[in-house]
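*Asks:* First the structure, then my questions, so here it is.
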Amino acid sequence: MHPNIHTKFTDISVEQTLLDDRTNTEVIAQELQKLISLELKPKVKDIDEKGEYPHIFLQKLGEIGGFKQTVPTQFGGTGYQGLKFPVQMIEAISQECLNTGFITWCQFACTWYLQNSENKYLLNNVLPKVASAQILAGTGLSNPMKHFAGIEKIALVAQRQAGGYLINGTLPWVSNIGSGHYFAIAAQLANSDDYLMAIVNDSLPGLTLRCNTHFIALEGSNTYSCIFKNVFIPDELILAVPCGKYVEQIKAGFVLTQVGMGLGLVASCIELMQEANKRLAHVNCFLDDCVEALENELENLRLHTYILATEISNHQHVQDNKFFREVVQARATASELALRAAQSAMLHLGAKAYLEGSTVSRKLREAYFVAIVTPALKHLRKLLSHMKDVATD
């Protein structure tokens, strides 16, 4: 049988960490298990079908220290090294509800951006509030990630002004945001090949949030279009400028922690298949992607991801192209495995899965999201192809 969430947190260990870190994460893992059972599980259908935004879950996750693990102690965190815990946290939540796993990743990603900045104002005044989820936060880096990969044009342009920058443009979709929320942006400096990254919120004059799109899944992710019309961003909100070196520092963590979404989704699909096999194993055995095969692939991906997440605390690895290639490959594998597992779960359950409102139909829609959200599977394969070409030059 697949291990339960608490076992995954406390019993699977790729590399030993300090005893204090283990004790701390085990306590939070136990609290997270309670939170998932009491606060999230009863809400999943409303999140999926009614687009309910589970902000209370995020706030309570912040209260138990879920986002503080990697934050340095001087900024209110616990100084945990590596990203294994965030990956496992996102994995556990995504196993129950990918929508909530995704916005958990959004909150963590913004924390990650802040803790890697050298801006003292952000480190001292904004990071502690985001890391405790007193302020909810998103990540507006879908467009710049695709821009840097040569997929689309940059959406925002920045003009230097006294004491800050004037921003214009539109970001089509930014998740886990709303009134009072913070989110990160990247903009190209006018008449320059350089870029900046900053933290913004809707209180800045000229910044408007619009919700005019509905999705087939992840509707409870509070996703908005963000319109910037002469929005002045003061220097105290700038994460980095120019931001080339900074992006290299954060990109592996951005991509790797998303693997947790795929891990959790695949684990939940395997559980559904195991349940179906209690009645239908005699015929399900003729299907591709059986339980045992998917379990083995999931375990291999999980353990490899945990190793990468542990090693990411070594800044030499972060700057290493070979290391980032492994991160990108893990993320691509998570997308591919999620698609296969969700399809197999549908076929294992048969007509029962095809009913409106079935859990398996939600898993199928969620699997497509894992493969579409930035960096999408096609984006990841483009990166892998480019990195292979560079390696052979």
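Following the order of the structure tokens, first chain is A, next is B, and so on, with residues numbered from 1 inside each chain and ligands from 1 in the order they appear.
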Could you go through segment 52-248 of chain A and tell me which residues DSSP, when run on the backbone, assigns to helix (DSSP H, G or I), listing them as number ranges by chain?
*Replies:* A: 55-63, 73-75, 84-96, 98-115, 120-131, 142-148, 219-221, 235-237, 244-248
*Asks:* Which residues come within 9 Å of Leu364 of chain A, counting only C-alpha atoms, excluding same-chain residues fewer than 4 positions away, as a PDB file with N, CA, C and O atoms, in the first residue's frame?
*Replies:*
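Result saved to result_35.pdb:
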ATOM      1  N   ALA A 338       2.001  12.405 -14.208  1.00  0.00           N
ATOM      2  CA  ALA A 338       0.664  12.839 -13.783  1.00  0.00           C
ATOM      3  C   ALA A 338      -0.369  12.539 -14.860  1.00  0.00           C
ATOM      4  O   ALA A 338      -1.477  12.053 -14.567  1.00  0.00           O
ATOM      5  N   LEU A 339      -0.042  12.832 -16.112  1.00  0.00           N
ATOM      6  CA  LEU A 339      -0.967  12.566 -17.214  1.00  0.00           C
ATOM      7  C   LEU A 339      -1.265  11.071 -17.334  1.00  0.00           C
ATOM      8  O   LEU A 339      -2.421  10.660 -17.488  1.00  0.00           O
ATOM      9  N   ALA A 341      -0.904   8.707 -15.006  1.00  0.00           N
ATOM     10  CA  ALA A 341      -1.576   8.177 -13.822  1.00  0.00           C
ATOM     11  C   ALA A 341      -3.047   8.554 -13.809  1.00  0.00           C
ATOM     12  O   ALA A 341      -3.915   7.731 -13.458  1.00  0.00           O
ATOM     13  N   ALA A 342      -3.368   9.789 -14.185  1.00  0.00           N
ATOM     14  CA  ALA A 342      -4.768  10.226 -14.194  1.00  0.00           C
ATOM     15  C   ALA A 342      -5.562   9.470 -15.250  1.00  0.00           C
ATOM     16  O   ALA A 342      -6.714   9.065 -15.024  1.00  0.00           O
ATOM     17  N   GLN A 343      -4.968   9.274 -16.426  1.00  0.00           N
ATOM     18  CA  GLN A 343      -5.660   8.505 -17.462  1.00  0.00           C
ATOM     19  C   GLN A 343      -5.861   7.058 -17.027  1.00  0.00           C
ATOM     20  O   GLN A 343      -6.942   6.483 -17.224  1.00  0.00           O
ATOM     21  N   ALA A 345      -6.078   5.955 -13.998  1.00  0.00           N
ATOM     22  CA  ALA A 345      -7.104   5.917 -12.955  1.00  0.00           C
ATOM     23  C   ALA A 345      -8.497   5.952 -13.569  1.00  0.00           C
ATOM     24  O   ALA A 345      -9.413   5.233 -13.131  1.00  0.00           O
ATOM     25  N   MET A 346      -8.689   6.786 -14.590  1.00  0.00           N
ATOM     26  CA  MET A 346      -9.974   6.842 -15.282  1.00  0.00           C
ATOM     27  C   MET A 346     -10.336   5.469 -15.843  1.00  0.00           C
ATOM     28  O   MET A 346     -11.466   4.980 -15.673  1.00  0.00           O
ATOM     29  N   THR A 359     -14.370  11.995  -8.365  1.00  0.00           N
ATOM     30  CA  THR A 359     -13.028  12.386  -7.943  1.00  0.00           C
ATOM     31  C   THR A 359     -12.022  12.188  -9.060  1.00  0.00           C
ATOM     32  O   THR A 359     -11.132  13.015  -9.279  1.00  0.00           O
ATOM     33  N   VAL A 360     -12.184  11.093  -9.818  1.00  0.00           N
ATOM     34  CA  VAL A 360     -11.213  10.793 -10.866  1.00  0.00           C
ATOM     35  C   VAL A 360     -11.277  11.816 -11.998  1.00  0.00           C
ATOM     36  O   VAL A 360     -10.252  12.172 -12.575  1.00  0.00           O
ATOM     37  N   TYR A 368      -3.846  17.744 -16.267  1.00  0.00           N
ATOM     38  CA  TYR A 368      -3.568  18.645 -17.385  1.00  0.00           C
ATOM     39  C   TYR A 368      -2.956  19.951 -16.895  1.00  0.00           C
ATOM     40  O   TYR A 368      -2.079  20.530 -17.547  1.00  0.00           O
ATOM     41  N   PHE A 369      -3.403  20.411 -15.736  1.00  0.00           N
ATOM     42  CA  PHE A 369      -2.833  21.644 -15.180  1.00  0.00           C
ATOM     43  C   PHE A 369      -1.356  21.462 -14.865  1.00  0.00           C
ATOM     44  O   PHE A 369      -0.543  22.351 -15.147  1.00  0.00           O
TER      45      PHE A 369
END
*Asks:* With only C-alpha atoms as the counted atoms, please give the residues lying no more than 12 Å from segment 268-273 of chain A, apart from itself and same-chain residues fewer than 5 positions off, as a PyMOL selection string.
*Replies:* chain A and resi 1-5+91-98+261-263+278-281+284-285+287+289-299+337-350+352-353+358-364+366-367
*Asks:* Output C-alpha atoms for every residue in the selection just made, as a short mmCIF file (atom, residue, chain, number, x, y, z; two decimals), in the first residue's frame.
*Replies:*
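again.cif written:
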data_model
loop_
_atom_site.label_atom_id
_atom_site.label_comp_id
_atom_site.auth_asym_id
_atom_site.auth_seq_id
_atom_site.Cartn_x
_atom_site.Cartn_y
_atom_site.Cartn_z
CA MET A 1 0.00 0.00 0.00
CA HIS A 2 1.09 3.56 -0.65
CA PRO A 3 2.31 5.29 2.54
CA ASN A 4 -0.02 7.81 4.10
CA ILE A 5 0.84 11.50 4.23
CA GLU A 91 3.06 16.97 -2.26
CA ALA A 92 0.90 16.15 0.76
CA ILE A 93 -1.59 18.96 0.07
CA SER A 94 -1.76 18.20 -3.67
CA GLN A 95 -2.58 14.57 -2.89
CA GLU A 96 -5.87 15.84 -1.47
CA CYS A 97 -6.44 18.94 -3.64
CA LEU A 98 -4.17 20.17 -6.40
CA MET A 261 2.22 18.90 -7.17
CA GLY A 262 2.87 16.02 -9.56
CA LEU A 263 4.01 13.68 -6.80
CA LYS A 278 -10.46 -4.68 -5.14
CA ARG A 279 -13.33 -5.42 -7.56
CA LEU A 280 -11.80 -5.18 -11.01
CA ALA A 281 -8.22 -6.46 -10.78
CA ASN A 284 -7.69 -4.07 -15.02
CA CYS A 285 -4.58 -6.21 -15.35
CA LEU A 287 -4.50 -2.06 -18.98
CA ASP A 289 0.30 1.66 -16.51
CA CYS A 290 -0.70 -0.75 -13.79
CA VAL A 291 -0.47 0.12 -10.09
CA GLU A 292 2.88 -1.57 -9.52
CA ALA A 293 4.56 0.14 -12.48
CA LEU A 294 3.29 3.59 -11.50
CA GLU A 295 4.27 3.02 -7.88
CA ASN A 296 7.84 2.24 -8.90
CA GLU A 297 8.08 5.28 -11.15
CA LEU A 298 6.56 7.51 -8.48
CA GLU A 299 9.00 6.29 -5.85
CA LEU A 337 3.65 10.77 -14.94
CA ALA A 338 0.66 12.84 -13.78
CA LEU A 339 -0.97 12.57 -17.21
CA ARG A 340 -0.41 8.81 -17.39
CA ALA A 341 -1.58 8.18 -13.82
CA ALA A 342 -4.77 10.23 -14.19
CA GLN A 343 -5.66 8.51 -17.46
CA SER A 344 -4.96 5.10 -15.98
CA ALA A 345 -7.10 5.92 -12.96
CA MET A 346 -9.97 6.84 -15.28
CA LEU A 347 -9.67 3.53 -17.12
CA HIS A 348 -9.26 1.49 -13.95
CA LEU A 349 -12.50 2.85 -12.48
CA GLY A 350 -14.37 2.80 -15.78
CA LYS A 352 -17.81 5.16 -12.26
CA ALA A 353 -15.05 7.64 -13.12
CA SER A 358 -16.34 12.08 -9.74
CA THR A 359 -13.03 12.39 -7.94
CA VAL A 360 -11.21 10.79 -10.87
CA SER A 361 -12.55 13.33 -13.36
CA ARG A 362 -11.12 16.07 -11.14
CA LYS A 363 -7.76 14.28 -11.04
CA LEU A 364 -7.73 14.16 -14.83
CA GLU A 366 -5.73 18.56 -12.44
CA ALA A 367 -3.19 16.44 -14.33
#
*Asks:* I'd like the neighbourhood of Ala133 of chain A as a VMD selection string, where a residue qualifies if any of its atoms comes within 9 Å (using only C-alpha atoms), though same-chain residues fewer than 4 positions away should be ignored.
*Replies:* chain A and resid 58 to 63 67 107 128 to 129 137
*Asks:* Could you write out the selected residues, including N, CA and C atoms, as a PDB file, in the first residue's frame?
*Replies:*
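Contents of the output file again34.pdb:
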ATOM      1  N   LEU A  58      -4.547  28.379   3.912  1.00  0.00           N
ATOM      2  CA  LEU A  58      -3.210  28.948   3.751  1.00  0.00           C
ATOM      3  C   LEU A  58      -2.777  29.702   5.000  1.00  0.00           C
ATOM      4  N   GLN A  59      -3.690  30.466   5.572  1.00  0.00           N
ATOM      5  CA  GLN A  59      -3.354  31.236   6.765  1.00  0.00           C
ATOM      6  C   GLN A  59      -3.024  30.322   7.942  1.00  0.00           C
ATOM      7  N   LYS A  60      -3.787  29.248   8.087  1.00  0.00           N
ATOM      8  CA  LYS A  60      -3.504  28.308   9.172  1.00  0.00           C
ATOM      9  C   LYS A  60      -2.213  27.535   8.915  1.00  0.00           C
ATOM     10  N   LEU A  61      -1.932  27.267   7.638  1.00  0.00           N
ATOM     11  CA  LEU A  61      -0.660  26.633   7.291  1.00  0.00           C
ATOM     12  C   LEU A  61       0.495  27.554   7.664  1.00  0.00           C
ATOM     13  N   GLY A  62       0.309  28.842   7.444  1.00  0.00           N
ATOM     14  CA  GLY A  62       1.322  29.810   7.860  1.00  0.00           C
ATOM     15  C   GLY A  62       1.489  29.862   9.365  1.00  0.00           C
ATOM     16  N   GLU A  63       0.379  29.734  10.075  1.00  0.00           N
ATOM     17  CA  GLU A  63       0.432  29.785  11.541  1.00  0.00           C
ATOM     18  C   GLU A  63       1.220  28.628  12.140  1.00  0.00           C
ATOM     19  N   PHE A  67       5.522  27.798   5.936  1.00  0.00           N
ATOM     20  CA  PHE A  67       6.304  28.558   4.964  1.00  0.00           C
ATOM     21  C   PHE A  67       7.607  29.115   5.541  1.00  0.00           C
ATOM     22  N   GLN A 107       2.476  30.644  -2.585  1.00  0.00           N
ATOM     23  CA  GLN A 107       2.864  31.323  -1.352  1.00  0.00           C
ATOM     24  C   GLN A 107       4.331  31.041  -1.026  1.00  0.00           C
ATOM     25  N   PRO A 128       8.878  38.368   6.670  1.00  0.00           N
ATOM     26  CA  PRO A 128       8.254  37.708   7.838  1.00  0.00           C
ATOM     27  C   PRO A 128       6.736  37.594   7.724  1.00  0.00           C
ATOM     28  N   LYS A 129       6.080  38.566   7.103  1.00  0.00           N
ATOM     29  CA  LYS A 129       4.619  38.550   6.988  1.00  0.00           C
ATOM     30  C   LYS A 129       4.155  37.555   5.929  1.00  0.00           C
ATOM     31  N   ALA A 137       0.288  35.699  -0.889  1.00  0.00           N
ATOM     32  CA  ALA A 137       1.154  36.187  -1.961  1.00  0.00           C
ATOM     33  C   ALA A 137       1.180  35.229  -3.134  1.00  0.00           C
TER      34      ALA A 137
END
*Asks:* Using only C-alpha atoms, which residues sit within 7 Å of segment 117-121 of chain A once same-chain residues fewer than 6 positions away are excluded, as number ranges by chain?
*Replies:* A: 236, 239-240
*Asks:* May I have the selected residues written with all heavy atoms, as a compact mmCIF listing (two decimals), in the first residue's frame?
*Replies:*
# COMPACT_ATOMS: atom_id res chain seq x y z
N GLU A 236 12.29 50.48 -2.51
CA GLU A 236 12.20 49.57 -1.36
C GLU A 236 11.46 48.27 -1.70
O GLU A 236 11.53 47.30 -0.95
CB GLU A 236 11.52 50.26 -0.18
CG GLU A 236 10.07 50.63 -0.41
CD GLU A 236 9.47 51.42 0.74
OE1 GLU A 236 10.23 51.93 1.59
OE2 GLU A 236 8.23 51.52 0.78
N LEU A 239 13.20 43.63 -5.82
CA LEU A 239 13.91 42.41 -5.41
C LEU A 239 15.33 42.41 -5.93
O LEU A 239 16.27 42.04 -5.21
CB LEU A 239 13.17 41.18 -5.95
CG LEU A 239 11.86 40.80 -5.26
CD1 LEU A 239 11.04 39.86 -6.15
CD2 LEU A 239 12.13 40.14 -3.91
N ALA A 240 15.51 42.81 -7.19
CA ALA A 240 16.84 42.85 -7.79
C ALA A 240 16.79 43.65 -9.08
O ALA A 240 15.81 43.57 -9.82
CB ALA A 240 17.35 41.45 -8.08
*Asks:* Using atom CA of Ile56 of chain A and atom CA of Ile216 of chain A as the two end points, give the distance in Å to one decimal.
*Replies:*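 If I compute the distance from atom CA of Ile56 of chain A to atom CA of Ile216 of chain A, I get 22.9 Å.
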*Asks:* Mind checking which residues fall within 6 Å of segment 194-211 of chain A, counting only C-alpha atoms, ignoring those fewer than 4 positions away in the same chain, and posting them as an MDAnalysis selection string?
*Replies:* chainID A and resid 181:189 224:229 231 237:243
*Asks:* Can you tell me which residues surround segment 145-155 of chain A at a distance of at most 9 Å, considering only C-alpha atoms, apart from same-chain residues fewer than 4 positions away, and format the answer as a PyMOL selection string?
*Replies:* chain A and resi 141+168-172+186-188+251+374-375+379+382-383
*Asks:* Could the residues in this selection be saved with N, CA and C atoms as an mmCIF file, in the first residue's frame?
*Replies:*
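File again_24.cif, as written:
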data_model
loop_
_atom_site.group_PDB
_atom_site.id
_atom_site.type_symbol
_atom_site.label_atom_id
_atom_site.label_comp_id
_atom_site.auth_asym_id
_atom_site.auth_seq_id
_atom_site.Cartn_x
_atom_site.Cartn_y
_atom_site.Cartn_z
ATOM 1 N N LEU A 141 5.532 35.286 -12.356
ATOM 2 C CA LEU A 141 6.692 35.054 -13.208
ATOM 3 C C LEU A 141 6.427 34.129 -14.397
ATOM 4 N N ASN A 168 4.498 49.680 -16.885
ATOM 5 C CA ASN A 168 3.331 49.625 -17.760
ATOM 6 C C ASN A 168 3.249 48.264 -18.445
ATOM 7 N N GLY A 169 2.017 47.796 -18.669
ATOM 8 C CA GLY A 169 1.793 46.522 -19.334
ATOM 9 C C GLY A 169 0.726 45.708 -18.637
ATOM 10 N N THR A 170 0.498 44.500 -19.122
ATOM 11 C CA THR A 170 -0.539 43.625 -18.561
ATOM 12 C C THR A 170 0.000 42.215 -18.392
ATOM 13 N N LEU A 171 -0.168 41.661 -17.191
ATOM 14 C CA LEU A 171 0.112 40.250 -16.954
ATOM 15 C C LEU A 171 -1.214 39.512 -17.049
ATOM 16 N N PRO A 172 -1.333 38.516 -17.939
ATOM 17 C CA PRO A 172 -2.639 37.893 -18.164
ATOM 18 C C PRO A 172 -3.179 37.119 -16.973
ATOM 19 N N ALA A 186 8.392 40.740 -13.050
ATOM 20 C CA ALA A 186 9.642 41.055 -13.730
ATOM 21 C C ALA A 186 9.304 41.970 -14.888
ATOM 22 N N ALA A 187 10.138 42.962 -15.143
ATOM 23 C CA ALA A 187 9.905 43.922 -16.222
ATOM 24 C C ALA A 187 11.230 44.244 -16.905
ATOM 25 N N GLN A 188 11.156 44.508 -18.196
ATOM 26 C CA GLN A 188 12.349 44.918 -18.921
ATOM 27 C C GLN A 188 12.556 46.417 -18.769
ATOM 28 N N LYS A 251 15.755 30.217 -9.815
ATOM 29 C CA LYS A 251 15.004 29.452 -10.812
ATOM 30 C C LYS A 251 14.917 27.966 -10.492
ATOM 31 N N THR A 374 3.077 27.059 -16.068
ATOM 32 C CA THR A 374 4.471 27.426 -16.347
ATOM 33 C C THR A 374 5.424 26.902 -15.273
ATOM 34 N N PRO A 375 6.525 26.245 -15.662
ATOM 35 C CA PRO A 375 6.880 25.893 -17.034
ATOM 36 C C PRO A 375 6.108 24.673 -17.522
ATOM 37 N N HIS A 379 7.415 23.706 -22.728
ATOM 38 C CA HIS A 379 8.459 24.640 -22.293
ATOM 39 C C HIS A 379 9.652 23.863 -21.726
ATOM 40 N N LYS A 382 11.569 22.103 -24.418
ATOM 41 C CA LYS A 382 12.368 23.078 -25.159
ATOM 42 C C LYS A 382 13.661 23.368 -24.400
ATOM 43 N N LEU A 383 13.559 23.577 -23.089
ATOM 44 C CA LEU A 383 14.740 23.819 -22.263
ATOM 45 C C LEU A 383 15.697 22.636 -22.313
#
*Asks:* Got a sec to tell me which of segment 129-192 of chain A DSSP assigns to strand (DSSP E or B), as a list of chain:residue names?
*Replies:*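 Of segment 129-192 of chain A, the ones in strand (DSSP E or B) are A:Ala137, A:Gly138, A:Thr139, A:Leu156, A:Val157, A:Ala158, A:Gln159, A:Arg160, A:Gln161, A:Gly164, A:Tyr165, A:Leu166, A:Ile167, A:Asn168, A:Gly169, A:Thr170, A:Leu171, A:Pro172, A:Trp173, A:Val174, A:Tyr182, A:Phe183, A:Ala184, A:Ile185, A:Ala186, A:Ala187, A:Gln188, A:Leu189.
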*Asks:* Tell me which of A:Thr104, A:Thr139, A:Ser313, A:Asn321 sits closest to Met89 of chain A, counting only C-alpha atoms.
*Replies:*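 Looking only at the distances to Met89 of chain A, the closest residue turns out to be A:Thr104.
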